[in-house]
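Asks: You'll find data21.csv just under this line, and it carries CSV, C-alpha atoms.
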```
chain,number,residue,atom,x,y,z
J,231,ALA,CA,35.3,-65.8,-32.7
J,232,VAL,CA,35.0,-68.9,-30.4
J,233,GLN,CA,35.1,-66.7,-27.3
J,234,GLY,CA,32.5,-64.4,-28.8
J,235,ALA,CA,30.2,-67.3,-29.5
J,236,ALA,CA,30.7,-68.7,-26.0
J,237,GLY,CA,29.9,-65.3,-24.5
J,238,ARG,CA,26.7,-65.1,-26.5
J,239,LYS,CA,25.8,-68.6,-25.4
J,240,LEU,CA,26.3,-67.8,-21.7
J,241,THR,CA,24.4,-64.6,-22.1
J,242,ALA,CA,21.5,-66.5,-23.6
J,243,LEU,CA,21.5,-69.0,-20.8
J,244,ARG,CA,21.6,-66.4,-18.1
J,245,PRO,CA,18.1,-65.9,-16.7
J,246,LYS,CA,16.6,-62.5,-17.6
J,247,ARG,CA,14.9,-60.4,-15.0
J,248,PRO,CA,11.5,-59.0,-15.9
J,249,PRO,CA,11.7,-55.4,-17.2
J,250,MET,CA,11.2,-52.5,-14.8
J,251,ARG,CA,7.6,-51.5,-14.1
J,252,THR,CA,6.4,-48.0,-13.6
J,253,HIS,CA,3.3,-46.5,-12.0
J,254,THR,CA,1.7,-43.2,-11.4
J,255,VAL,CA,0.1,-42.9,-8.0
J,256,SER,CA,-2.7,-40.3,-8.4
J,257,ARG,CA,-4.9,-39.0,-5.6
J,258,PRO,CA,-7.2,-36.1,-5.1
J,259,ASP,CA,-5.4,-34.7,-2.0
J,260,GLY,CA,-1.8,-34.6,-3.2
J,261,PRO,CA,0.5,-34.6,-6.2
J,262,ALA,CA,0.8,-37.6,-8.6
J,263,ILE,CA,3.9,-39.6,-7.6
J,264,HIS,CA,5.9,-41.5,-10.1
J,265,VAL,CA,7.2,-45.0,-9.0
J,266,ALA,CA,9.5,-47.5,-10.6
J,267,GLU,CA,9.8,-51.1,-9.4
J,268,SER,CA,11.6,-54.4,-10.1
J,269,GLY,CA,11.5,-57.9,-8.7
J,270,PRO,CA,8.7,-60.3,-8.1
J,271,SER,CA,5.4,-58.6,-7.1
J,272,ASP,CA,4.8,-61.2,-4.4
J,273,ALA,CA,8.3,-60.9,-2.8
J,274,PRO,CA,9.1,-59.0,0.4
J,275,ALA,CA,8.9,-55.3,-0.4
J,276,VAL,CA,11.6,-52.6,-0.1
J,277,LEU,CA,10.6,-48.9,-0.6
J,278,PHE,CA,13.5,-46.6,-1.6
J,279,VAL,CA,13.3,-42.8,-1.0
J,280,HIS,CA,16.0,-40.7,-2.8
J,281,GLY,CA,17.7,-37.6,-1.6
J,282,TYR,CA,17.6,-33.8,-2.3
J,283,SER,CA,17.2,-32.9,-6.0
J,284,GLN,CA,17.6,-36.5,-7.1
J,285,SER,CA,15.2,-39.2,-8.5
J,286,HIS,CA,14.5,-42.9,-8.4
J,287,LEU,CA,17.4,-43.3,-10.9
J,288,CYS,CA,19.9,-43.0,-8.1
J,289,TRP,CA,18.9,-46.5,-7.0
J,290,ARG,CA,19.5,-48.1,-10.4
J,291,GLY,CA,22.4,-50.1,-8.9
J,292,GLN,CA,19.9,-51.8,-6.6
J,293,LEU,CA,16.8,-52.0,-8.9
J,294,ARG,CA,18.8,-53.7,-11.6
J,295,SER,CA,20.9,-55.9,-9.4
J,296,SER,CA,20.4,-59.5,-8.0
J,297,LEU,CA,18.4,-57.9,-5.2
J,298,ALA,CA,15.6,-58.0,-7.7
J,299,ASP,CA,15.7,-61.8,-7.7
J,300,ARG,CA,14.6,-61.9,-4.1
J,301,TYR,CA,12.8,-58.7,-3.3
J,302,ARG,CA,10.1,-56.4,-4.7
J,303,LEU,CA,12.1,-53.2,-5.1
J,304,VAL,CA,10.0,-50.0,-5.2
J,305,ALA,CA,11.6,-46.5,-5.8
J,306,MET,CA,9.5,-43.4,-5.7
J,307,ASP,CA,10.2,-39.9,-7.1
J,308,LEU,CA,9.5,-37.4,-4.3
J,309,ARG,CA,7.1,-34.6,-5.0
J,310,GLY,CA,8.8,-32.0,-7.1
J,311,HIS,CA,11.4,-34.5,-8.4
J,312,GLY,CA,11.8,-36.8,-11.4
J,313,ASP,CA,8.5,-37.6,-13.1
J,314,SER,CA,6.4,-36.8,-10.1
J,315,GLU,CA,4.2,-33.7,-10.1
J,316,LYS,CA,5.8,-30.5,-8.9
J,317,PRO,CA,3.2,-28.6,-6.8
J,318,PRO,CA,4.0,-25.1,-5.5
J,319,SER,CA,3.6,-26.1,-1.9
J,320,GLY,CA,3.9,-28.9,0.7
J,321,TYR,CA,7.7,-28.9,0.9
J,322,ALA,CA,7.9,-27.5,4.4
J,323,ASP,CA,5.4,-29.9,5.9
J,324,SER,CA,6.6,-33.2,7.4
J,325,GLU,CA,3.0,-34.6,7.2
J,326,ALA,CA,2.9,-33.9,3.4
J,327,TRP,CA,6.1,-35.9,2.8
J,328,ALA,CA,4.8,-38.7,5.0
J,329,ASP,CA,1.5,-38.8,3.3
J,330,ASP,CA,3.2,-39.1,-0.1
J,331,VAL,CA,5.0,-42.2,1.1
J,332,GLN,CA,1.8,-43.6,2.5
J,333,ALA,CA,0.0,-43.0,-0.8
J,334,VAL,CA,2.6,-45.1,-2.6
J,335,ALA,CA,2.4,-47.9,0.0
J,336,ASP,CA,-1.4,-47.8,-0.3
J,337,ALA,CA,-1.5,-47.8,-4.1
J,338,LEU,CA,1.0,-50.6,-4.4
J,339,SER,CA,-0.5,-52.6,-1.5
J,340,LEU,CA,2.7,-52.5,0.5
J,341,ASP,CA,1.2,-53.7,3.7
J,342,SER,CA,4.7,-54.7,5.1
J,343,PHE,CA,7.9,-53.2,3.7
J,344,ALA,CA,11.4,-52.2,4.6
J,345,LEU,CA,12.0,-48.5,4.2
J,346,VAL,CA,15.3,-47.2,2.7
J,347,GLY,CA,16.0,-43.5,2.7
J,348,TRP,CA,19.1,-41.7,1.5
J,349,SER,CA,20.1,-38.2,2.7
J,350,TYR,CA,16.9,-36.0,2.5
J,351,GLY,CA,15.1,-39.3,1.8
J,352,SER,CA,16.1,-40.5,5.3
J,353,LEU,CA,14.5,-37.3,6.7
J,354,VAL,CA,11.4,-38.2,4.7
J,355,ALA,CA,11.5,-41.7,6.0
J,356,LEU,CA,11.7,-40.3,9.6
J,357,ASP,CA,8.8,-38.0,8.7
J,358,TYR,CA,6.8,-41.1,7.7
J,359,LEU,CA,7.6,-43.0,10.9
J,360,ALA,CA,6.7,-40.0,13.0
J,361,VAL,CA,3.4,-39.5,11.3
J,362,HIS,CA,2.3,-43.0,10.4
J,363,GLY,CA,4.2,-45.1,12.8
J,364,THR,CA,5.9,-48.5,12.3
J,365,ASP,CA,2.9,-50.8,11.8
J,366,ARG,CA,3.8,-51.4,8.2
J,367,VAL,CA,7.5,-51.0,8.4
J,368,ARG,CA,9.6,-54.1,9.1
J,369,GLY,CA,12.9,-52.2,9.3
J,370,ALA,CA,14.7,-49.1,8.0
J,371,ASN,CA,18.0,-48.5,6.3
J,372,LEU,CA,19.0,-44.8,6.7
J,373,VAL,CA,21.9,-43.8,4.4
J,374,GLY,CA,23.8,-40.6,4.9
J,375,ILE,CA,21.3,-39.8,7.5
J,376,VAL,CA,19.6,-36.4,7.8
J,377,LEU,CA,18.1,-36.3,11.3
J,378,GLY,CA,16.5,-32.9,10.9
J,379,ILE,CA,16.7,-29.5,9.2
J,380,GLY,CA,16.8,-25.9,10.3
J,381,THR,CA,17.9,-26.7,13.9
J,382,PRO,CA,21.3,-25.8,15.5
J,383,GLN,CA,22.2,-29.4,16.1
J,384,THR,CA,21.2,-30.8,12.7
J,385,ASN,CA,22.8,-27.8,10.9
J,386,GLU,CA,26.1,-28.5,12.7
J,387,TRP,CA,26.3,-31.9,10.9
J,388,LEU,CA,26.1,-30.3,7.5
J,389,GLY,CA,29.4,-30.2,5.6
J,390,GLN,CA,30.8,-26.8,4.7
J,391,GLN,CA,31.1,-27.7,1.1
J,392,TYR,CA,27.4,-28.4,0.9
J,393,VAL,CA,26.5,-25.2,2.9
J,394,ASP,CA,28.6,-23.2,0.5
J,395,LEU,CA,26.4,-24.2,-2.4
J,396,PHE,CA,23.7,-21.8,-1.3
J,397,PRO,CA,22.2,-19.6,-2.5
J,398,GLU,CA,23.6,-20.4,-6.0
J,399,ILE,CA,22.1,-23.9,-6.0
J,400,VAL,CA,18.6,-22.4,-5.7
J,401,SER,CA,19.2,-19.6,-8.2
J,402,THR,CA,16.7,-19.1,-11.1
J,403,ASP,CA,19.7,-18.3,-13.4
J,404,ALA,CA,20.3,-21.5,-15.3
J,405,GLU,CA,24.1,-21.0,-15.6
J,406,THR,CA,24.5,-20.2,-11.9
J,407,ALA,CA,22.4,-23.1,-10.7
J,408,THR,CA,23.9,-25.6,-13.1
J,409,ALA,CA,27.4,-24.7,-11.9
J,410,ALA,CA,26.3,-25.2,-8.3
J,411,LEU,CA,24.5,-28.5,-9.1
J,412,ASP,CA,27.7,-29.8,-10.8
J,413,ARG,CA,29.6,-29.1,-7.6
J,414,PHE,CA,26.9,-30.8,-5.6
J,415,VAL,CA,27.1,-33.9,-7.7
J,416,ARG,CA,30.9,-33.9,-7.2
J,417,ILE,CA,30.8,-33.6,-3.4
J,418,CYS,CA,28.3,-36.5,-3.2
J,419,PHE,CA,31.3,-38.8,-4.0
J,420,HIS,CA,34.6,-39.3,-2.3
J,421,ASP,CA,36.4,-40.1,-5.7
J,422,ALA,CA,35.3,-38.2,-8.8
J,423,PRO,CA,32.3,-39.9,-10.4
J,424,SER,CA,32.6,-41.1,-14.0
J,425,PRO,CA,31.5,-38.7,-16.8
J,426,GLU,CA,28.5,-40.9,-17.3
J,427,GLU,CA,27.5,-40.8,-13.6
J,428,ARG,CA,28.3,-37.1,-13.4
J,429,TYR,CA,26.1,-36.0,-16.3
J,430,LEU,CA,23.3,-38.4,-15.6
J,431,LEU,CA,23.0,-37.0,-12.0
J,432,LEU,CA,23.5,-33.4,-13.2
J,433,GLY,CA,20.5,-33.9,-15.6
J,434,VAL,CA,18.4,-35.4,-12.8
J,435,ASN,CA,19.3,-32.5,-10.5
J,436,ALA,CA,18.6,-29.9,-13.1
J,437,ALA,CA,15.1,-31.3,-13.7
J,438,VAL,CA,14.1,-30.2,-10.2
J,439,PRO,CA,12.8,-26.6,-10.2
J,440,PRO,CA,14.9,-24.1,-8.2
J,441,SER,CA,11.8,-23.2,-6.2
J,442,VAL,CA,11.4,-26.8,-5.0
J,443,ARG,CA,15.1,-27.0,-4.0
J,444,ASP,CA,14.6,-23.7,-2.1
J,445,ALA,CA,11.3,-24.7,-0.4
J,446,MET,CA,12.7,-28.0,0.8
J,447,ARG,CA,15.0,-26.1,3.2
J,448,ASP,CA,12.2,-24.0,4.5
J,449,ARG,CA,11.3,-26.0,7.6
J,450,GLU,CA,12.5,-26.6,11.1
J,451,VAL,CA,12.3,-30.2,12.3
J,452,SER,CA,14.4,-32.7,14.3
J,453,HIS,CA,13.8,-36.4,14.7
J,454,LEU,CA,16.8,-37.0,16.9
J,455,ASP,CA,14.7,-37.4,20.1
J,456,ALA,CA,12.1,-39.5,18.4
J,457,LEU,CA,14.8,-42.2,17.8
J,458,ASP,CA,14.5,-43.1,21.5
J,459,ASP,CA,11.1,-44.6,20.8
J,460,LEU,CA,11.9,-46.3,17.5
J,461,THR,CA,11.7,-50.1,18.0
J,462,ILE,CA,12.1,-51.4,14.5
J,463,PRO,CA,15.5,-52.8,13.3
J,464,VAL,CA,17.7,-50.1,11.8
J,465,LEU,CA,20.8,-50.2,9.6
J,466,LEU,CA,22.7,-47.0,9.5
J,467,THR,CA,25.0,-46.6,6.4
J,468,HIS,CA,27.4,-43.7,6.1
J,469,GLY,CA,30.5,-42.8,4.1
J,470,ALA,CA,33.6,-41.9,6.2
J,471,HIS,CA,34.4,-39.1,3.8
J,472,ASP,CA,30.8,-37.7,3.6
J,473,ALA,CA,31.1,-34.0,2.6
J,474,VAL,CA,27.4,-33.4,2.8
J,475,VAL,CA,26.4,-34.9,6.2
J,476,ASP,CA,29.1,-35.5,8.8
J,477,PRO,CA,29.4,-39.2,9.9
J,478,ASP,CA,28.8,-37.9,13.5
J,479,ALA,CA,25.2,-37.7,12.5
J,480,ALA,CA,25.1,-41.5,12.0
J,481,ARG,CA,27.0,-42.0,15.3
J,482,ALA,CA,24.5,-39.8,17.2
J,483,ALA,CA,21.7,-41.9,15.7
J,484,ALA,CA,23.5,-45.1,16.8
J,485,GLU,CA,23.8,-43.8,20.3
J,486,ARG,CA,20.0,-43.3,20.4
J,487,LEU,CA,19.5,-46.8,18.8
J,488,PRO,CA,21.6,-49.2,20.8
J,489,ASP,CA,20.4,-52.2,18.7
J,490,ALA,CA,21.0,-50.5,15.4
J,491,GLU,CA,23.8,-51.6,13.1
J,492,LEU,CA,26.2,-48.8,12.1
J,493,SER,CA,28.2,-49.4,8.9
J,494,ILE,CA,30.8,-46.9,8.0
J,495,TYR,CA,32.4,-47.1,4.5
J,496,PRO,CA,36.0,-46.1,4.7
J,497,ASP,CA,36.4,-45.2,1.0
J,498,ALA,CA,33.0,-43.6,0.3
J,499,GLY,CA,31.5,-40.2,0.6
J,500,HIS,CA,27.8,-39.3,0.7
J,501,SER,CA,26.7,-42.0,-1.8
J,502,PRO,CA,28.0,-45.4,-0.4
J,503,PHE,CA,25.2,-47.3,-2.3
J,504,ARG,CA,26.7,-45.9,-5.5
J,505,GLU,CA,30.4,-45.8,-4.6
J,506,SER,CA,30.5,-49.3,-3.1
J,507,ILE,CA,27.5,-51.0,-4.8
J,508,ASP,CA,28.6,-54.6,-4.2
J,509,ARG,CA,29.2,-54.1,-0.5
J,510,TYR,CA,26.0,-52.0,0.0
J,511,ASN,CA,23.8,-54.5,-1.8
J,512,ARG,CA,25.3,-57.4,0.2
J,513,GLU,CA,24.8,-55.6,3.5
J,514,LEU,CA,21.3,-54.5,2.5
J,515,ALA,CA,20.4,-58.1,1.6
J,516,SER,CA,21.8,-59.4,4.9
J,517,PHE,CA,19.8,-56.8,6.8
J,518,LEU,CA,16.6,-57.6,4.9
J,519,ASP,CA,17.1,-61.3,5.5
J,520,GLY,CA,17.3,-60.7,9.2
J,521,LEU,CA,13.9,-59.1,9.1
J,522,ASP,CA,12.2,-62.4,8.1
```
In structure tokens, write the structure found in this file.
Replies:
Amino acid sequence: AVQGAAGRKLTALRPKRPPMRTHTVSRPDGPAIHVAESGPSDAPAVLFVHGYSQSHLCWRGQLRSSLADRYRLVAMDLRGHGDSEKPPSGYADSEAWADDVQAVADALSLDSFALVGWSYGSLVALDYLAVHGTDRVRGANLVGIVLGIGTPQTNEWLGQQYVDLFPEIVSTDAETATAALDRFVRICFHDAPSPEERYLLLGVNAAVPPSVRDAMRDREVSHLDALDDLTIPVLLTHGAHDAVVDPDAARAAAERLPDAELSIYPDAGHSPFRESIDRYNRELASFLDGLD
């Protein structure tokens, strides 16, 4: 009873972070984009972009962490994902993805921000940098980097277990697609995720229409050569056991970015920011501090 009382006292004394804030970014020339954020609104901003068939919830280990004591953490749901609108088109257009990010930055007055992209989100981050440049971006953290899609070189970096999910993962048959999505969630981790993690992510994935998942593959683009002209600080984060994107993709990016920091997680797969939350948050904070 004494321990319980002490625990309650310590909990009461621990400073509480403000609740998460949500926004809907509406505009006449594009889909409404759902955004969640935490941290002080006047702190240095970090914009998180999630991966294929995911949502902003994949960043909950960052949005609800001590990072929110020092940074304004903003996480968007990509078009077709989460609580964002799901238009029938725009998924094969790098400019459309880039403009969605720009719309969020404009609506939330992110005049200077660090850009964090995971997996397909790193491709969207590179789309943004290719279309809108680096004037507003202080630095980029690219996690499980996807340097392109639909080209021989970038296809070579895709893991066979991921490739084998198609065409089932884009099936309109619910049972077929759900089974493939369950396998997808599993291969995003080196060790099996907890049941809570598995079913949360399975639900997030299932909320994305099959037509969106299919359309996202229907483009041909590579940002590999564009890295030669990228001058902002870059942190490359990759799991050594990534079954979705081979770590060689991150090594290829590092060769093009001699000043970039490459961080390989020896016990992680495709989701190092979920599998090694403490290490990832610590390294991200150190990277962000270096941008000041």
Asks: Please, what distance in Å, to one decimal, runs between atom CA of Ala404 of chain J and atom CA of Pro317 of chain J?
Replies: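 Separation of atom CA of Ala404 of chain J and atom CA of Pro317 of chain J: 20.4 Å.
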Asks: Just give me the residues with any atom within 12 Å of (15.8, -59.2, -9.0), file coordinates, counting all atoms listed in the file, written as an MDAnalysis selection string.
Replies: chainID J and resid 245:250 267:271 273:276 290:304 511 515
Asks: Between J:Gly312, J:Pro477, J:Gly520, J:Gly378, which one has atoms that come closest to Arg447 of chain J, using only C-alpha atoms?
Replies: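 For Arg447 of chain J, the nearest of the given residues is J:Gly378.
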Asks: Applying 7 Å and all atoms listed in the file, which residues near Val331 of chain J remain after dropping the ones on its own chain fewer than 4 positions away? List them as a list in words.
Replies: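 Non-adjacent residues within range: Trp327, Ala335 and Tyr358 of chain J.
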Asks: Which is closer to Asp519 of chain J than all the others in J:Ala333, J:Ile263, J:Ala344, J:Met446, using only C-alpha atoms?
Replies: J:Ala344
Asks: At what distance in Å, to one decimal, does atom CA of Asn371 of chain J lie from atom CA of Phe278 of chain J?
Replies: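 Taking atom CA of Phe278 of chain J as the start and atom CA of Asn371 of chain J as the end point, the length is 9.3 Å.
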Asks: Identify, on the basis of only C-alpha atoms, every residue whose closest approach to Glu485 of chain J does not exceed 12 Å; exclude the query and any residue fewer than 5 positions from it along the same chain; express the result as a list in words.
Replies: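 Non-adjacent residues within range: Leu454, Asp455, Leu457, Asp458, Leu466, Asp478, Ala479, Ala480, Ala490, Glu491 and Leu492 of chain J.
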Asks: Using the selection just defined, write its residues with C-alpha atoms as an mmCIF file, in the frame of the given file.
Replies:
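The result, stored in result_38.cif:
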```cif
data_model
loop_
_atom_site.group_PDB
_atom_site.id
_atom_site.type_symbol
_atom_site.label_atom_id
_atom_site.label_comp_id
_atom_site.auth_asym_id
_atom_site.auth_seq_id
_atom_site.Cartn_x
_atom_site.Cartn_y
_atom_site.Cartn_z
ATOM 1 C CA LEU J 454 16.800 -37.000 16.900
ATOM 2 C CA ASP J 455 14.700 -37.400 20.100
ATOM 3 C CA LEU J 457 14.800 -42.200 17.800
ATOM 4 C CA ASP J 458 14.500 -43.100 21.500
ATOM 5 C CA LEU J 466 22.700 -47.000 9.500
ATOM 6 C CA ASP J 478 28.800 -37.900 13.500
ATOM 7 C CA ALA J 479 25.200 -37.700 12.500
ATOM 8 C CA ALA J 480 25.100 -41.500 12.000
ATOM 9 C CA ALA J 490 21.000 -50.500 15.400
ATOM 10 C CA GLU J 491 23.800 -51.600 13.100
ATOM 11 C CA LEU J 492 26.200 -48.800 12.100
#
```
Asks: Please indicate the distance in Å from atom CA of Gly351 of chain J to atom CA of Ser401 of chain J, rounded to one decimal place.
Replies: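 Result for atom CA of Gly351 of chain J versus atom CA of Ser401 of chain J: 22.5 Å, one decimal.
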Asks: Which residue out of J:Ala470, J:Val442, J:Val354, J:Val475 has the minimum interatomic distance to Asn385 of chain J when only C-alpha atoms are used?
Replies: J:Val475
Asks: Could you check which of J:Gly281, J:Pro425, J:Pro261, J:Gly389 is closest to Arg309 of chain J, using all atoms listed in the file?
Replies: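 Ranking J:Gly281, J:Pro425, J:Pro261, J:Gly389 by distance to Arg309 of chain J, first place goes to J:Pro261.
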Asks: Which residue gives the smallest distance to Phe419 of chain J among J:Ser501, J:Ser256, J:Ser314, J:Thr364, with only C-alpha atoms counted?
Replies: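 Result for the nearest residue to Phe419 of chain J: J:Ser501.
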Asks: Here is a test: counting all atoms listed in the file, which residue of J:His420, J:Arg443, J:Arg504, J:Arg486 is nearest to Asp472 of chain J?
Replies: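 Among the listed residues, J:His420 lies closest to Asp472 of chain J.
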